[in-house]
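A short worksheet on the structure shown next.
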Amino acid sequence: MIYLPCVGDPTSVSLLTYMGVDFFDSFSALMAARNEIFLFPTGFYRKNQLPEIPCCCPTCVTTDDVSSMGYGEILQHNYAMLFSELKLVRNAIVTGSLRELVEVRVRTRPHLAALLHILDLHHYKFLEERTPVVRKTSLIATTKDSLVRPEIRRFQDRVIQRFEKPASTKILLLLPCSAKKPYSFSKSHKLFRECFLNLANPFVVHEVILTSPLGLVPRELELTYPASSYDIAVTGHWDEDEKKMIRALLQGFLKKNTYDATIIHLPPAMQTFVSDLVNQPQATCIDSPTSDTSLTALSNVLQELTQGYDRVKLQRRMYENIMSLAAYQFGPALAKHLMKDCTISGKYPYQKIMDKTTQLGMLTEERGLLSLTMDGASRLVETEQYWVEIYDDFILKGSIFAPGVKDADDSIRIGDEVLVKKNNRLCGVGVALMNGTEMIQSSHGEAVKIRHHT
Ligand SMILES: [Zn+2]
């Protein structure tokens with residue numbers, strides 16, 4: 001446990017907790033009360049700066065004259081503010097929204113904003129190891145700090161380093177994001193999909209969504225956090241940092257993934273900063289992406305460009321889509337092991353990986369990642385990645401707690417699908433609730449939630 005004496009006030013406990021501090025004392029409350037300063041999570045005020053009673057804490061409600069409040073009363077107020085902020089922090093930890101609280105709180109004091117910025121820029125590894133790969137709450141991106149959030153950076157890195165476009169696709173279609181997530185459930189993306197309906201060869205097209213703060217999201221990753229749930233302040237204006245980020249990612253993506261042609265169905269403000277990066281760009285968005293004119297242009301260009309290719313079958317493309325997602329989740333080498341000679345069944349977004357009649361894994365909308373069966377896990381066990389080894393005498397049922405863990409792959413992150421081994425043999429598969437290093441170092445706590453075991 002980390003105790004930081006005499007530091008920690010209502011504006012800073014969220015950030016300090018995010019940095020790893022476990023407990024605080026009340027020094028700031030006492031010191032401020034001595035100086036007639038009222039603490040709030042949004043800043044500090046001297047008694048004479050407050051024309052009216054500042055809050056509804058149990059002490060403040062007992063008086064209507066702020067100038068009459070002495071040391072003892074201000075101290076009680078300060079305690080109340082500290083306690084209520086600690087409660088907010090604890091709730092945010094449980095709901096997984098601590099980072100959002102931190103981004104709100106650091107706005108009020110420049111040195112806290114500077115600390116968060118330094119943390120993001122220089123301590124990415126520390127943060128990334130502690131940031132889950134799956135989350136239920138939405139990622140709120142309302143500040144520039146969001147551009148460098150650890151889960152954003154990790155997503156971008158994995159799209160460039162691990163993801164591979166579906167192999168049969170030859171035409172790139174760049175689309176704007178939608179407010180509703182996943183994108184394909186939104187009104188605008190349903191209109192885009194309608195342009196595919198009458199195509200003889202729709203599966204030769206690869207859709208990639210350009211957006212901030214994620215940069216680019218291949219359609220195959222739209223169910224995956226953070227692409228599955230993020231919320232941004234939409235203004236239609238792109239600032240230079242966003243443009244630079246999107247351009248760099250698109251360039252990196254196109255270095256590895258090549259296409260014969262590109263359709264740019266993006267608002268004019270976006271076209272201007274991406275068109276020069278792509279091969280034979282065809283712009284189909286005349287005014288707004290969802291206008292009749294733009295949609296007709298998109299249909300026509302799709303019709304014309306897709307004709308010249310051999311027909312890509314639905315079954316083939318479904319397989320390749322899951323292969324691309326598996327490459328993002330496990331890396332390309334493991335994806336190939338998992339997917340060898342498989343077929344895909346089920347209706348999107350619930351799709352199963354089948355080895356003839358045996359199910360190896362499944363994509364679900366809830367997780368946005370592949371969940372493995374024991375048969376799926378046994379295909380990956382030789383690859384020596386995403387494994388957790390438990391003690392030989394550990395009886396596997398329900399969850400694995402940290403003391404039962406003998407060793408674990410340090411690349412495991414919270415939310416990852418992991419293989420459990422005992423005596424060097426596969427004995428279970430489940431979801432990591434700690435990162436690999438924490439599993440080894442912790443003396444208590446749930447390490448893996450088991451889904452299947454022998
Ligand atoms: Zn008060």
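By convention in this document, the chains of the structure tokens carry letters A, B, ... by their order, each chain's residues are numbered from 1, and ligands are numbered from 1 in the order they are shown.
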
Task: Contacts of ligand 1, 10 Å or closer, only C-alpha atoms and all ligand atoms, given as a PyMOL selection string - done: chain A and resi 38-40+53-62+73-81

TODO: Write out as a ChimeraX atom specification the residues lying within 7 Å of Tyr350 of chain A, counting only C-alpha atoms and excluding same-chain residues fewer than 4 positions away.
DONE: /A:346,362-365

Hey, could you make a per-residue contact list for segment 279-392 of chain A against segment 247-271 of chain A with 7 Å as the cut-off, showing the nearest pair of atoms and its distance in Å to one decimal, counting only C-alpha atoms, sorted by chain and number, as a Markdown table?
| residue | atom | partner | partner_atom | distance |
| --- | --- | --- | --- | --- |
| A:Asn279 | CA | A:Ala261 | CA | 5.8 |
| A:Gln280 | CA | A:Ala261 | CA | 5.5 |
| A:Pro281 | CA | A:Thr262 | CA | 5.0 |
| A:Gln282 | CA | A:Ile263 | CA | 4.8 |
| A:Ala283 | CA | A:Ile264 | CA | 4.7 |
| A:Thr284 | CA | A:His265 | CA | 5.2 |
| A:Cys285 | CA | A:His265 | CA | 5.0 |
| A:Asp287 | CA | A:Pro267 | CA | 6.8 |
| A:Ser288 | CA | A:Pro267 | CA | 5.9 |
| A:Pro289 | CA | A:Pro267 | CA | 6.1 |

Open item on the list: as number ranges by chain, please: the residues near segment 129-142 of chain A (cut-off 6 Å, only C-alpha atoms, same-chain neighbours under 3 positions excluded).
Closed with: A: 126, 146, 225, 229-233, 414-415

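Closest approach to Gly96 of chain A among A:Tyr18, A:Ala335, A:Asp9, A:Thr383: A:Tyr18, based on only C-alpha atoms.
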
Task: Contact residues around Asp375 of chain A with only C-alpha atoms at 9 Å, ignoring same-chain residues under 3 positions, as a VMD selection string - done: chain A and resid 358 to 361 372 378 to 379

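Using only C-alpha atoms, the protein and nucleic acid residues lying no more than 12 Å from Tyr391 of chain A, apart from those fewer than 2 places from it along its own chain, are Val388, Glu389, Asp393, Phe394, Ile395, Leu396, Ile400, Phe401, Ala402, Pro403, Gly404, Val405, Lys406, Asp407, Ala408, Val420, Lys421, Lys422, Asn423, Asn424, Arg425, Cys427 and Ile440 of chain A.
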
Quick one: write out the picked residues with C-alpha atoms as a PDB file, in the first residue's frame?
ATOM      1  CA  VAL A 388      -1.598 -18.334 -16.173  1.00  0.00           C
ATOM      2  CA  GLU A 389       0.015 -21.205 -14.288  1.00  0.00           C
ATOM      3  CA  ASP A 393      -2.428 -28.778  -5.712  1.00  0.00           C
ATOM      4  CA  PHE A 394      -4.919 -26.017  -6.630  1.00  0.00           C
ATOM      5  CA  ILE A 395      -8.417 -27.419  -7.227  1.00  0.00           C
ATOM      6  CA  LEU A 396      -9.948 -25.447 -10.072  1.00  0.00           C
ATOM      7  CA  ILE A 400      -8.672 -18.330  -9.292  1.00  0.00           C
ATOM      8  CA  PHE A 401      -7.438 -16.083  -6.493  1.00  0.00           C
ATOM      9  CA  ALA A 402      -3.974 -14.558  -6.562  1.00  0.00           C
ATOM     10  CA  PRO A 403      -2.394 -16.930  -3.983  1.00  0.00           C
ATOM     11  CA  GLY A 404      -3.204 -19.848  -6.312  1.00  0.00           C
ATOM     12  CA  VAL A 405      -1.197 -18.311  -9.165  1.00  0.00           C
ATOM     13  CA  LYS A 406       2.328 -19.702  -9.547  1.00  0.00           C
ATOM     14  CA  ASP A 407       3.318 -17.692 -12.621  1.00  0.00           C
ATOM     15  CA  ALA A 408       1.680 -15.689 -15.406  1.00  0.00           C
ATOM     16  CA  VAL A 420      -4.959 -21.625 -17.297  1.00  0.00           C
ATOM     17  CA  LYS A 421      -2.286 -24.304 -16.947  1.00  0.00           C
ATOM     18  CA  LYS A 422      -1.488 -26.769 -14.181  1.00  0.00           C
ATOM     19  CA  ASN A 423       1.454 -29.178 -14.363  1.00  0.00           C
ATOM     20  CA  ASN A 424       2.136 -27.561 -17.741  1.00  0.00           C
ATOM     21  CA  ARG A 425      -1.208 -28.797 -19.077  1.00  0.00           C
ATOM     22  CA  CYS A 427      -6.908 -27.002 -17.323  1.00  0.00           C
ATOM     23  CA  ILE A 440       2.118 -13.017  -9.355  1.00  0.00           C
TER      24      ILE A 440
END

Open item on the list: Please list as a PyMOL selection string every residue within 12 Å of His123 of chain A, counting only C-alpha atoms and excluding residues in the same chain fewer than 6 positions away.
Closed with: chain A and resi 19+115-117+129-130+148-150
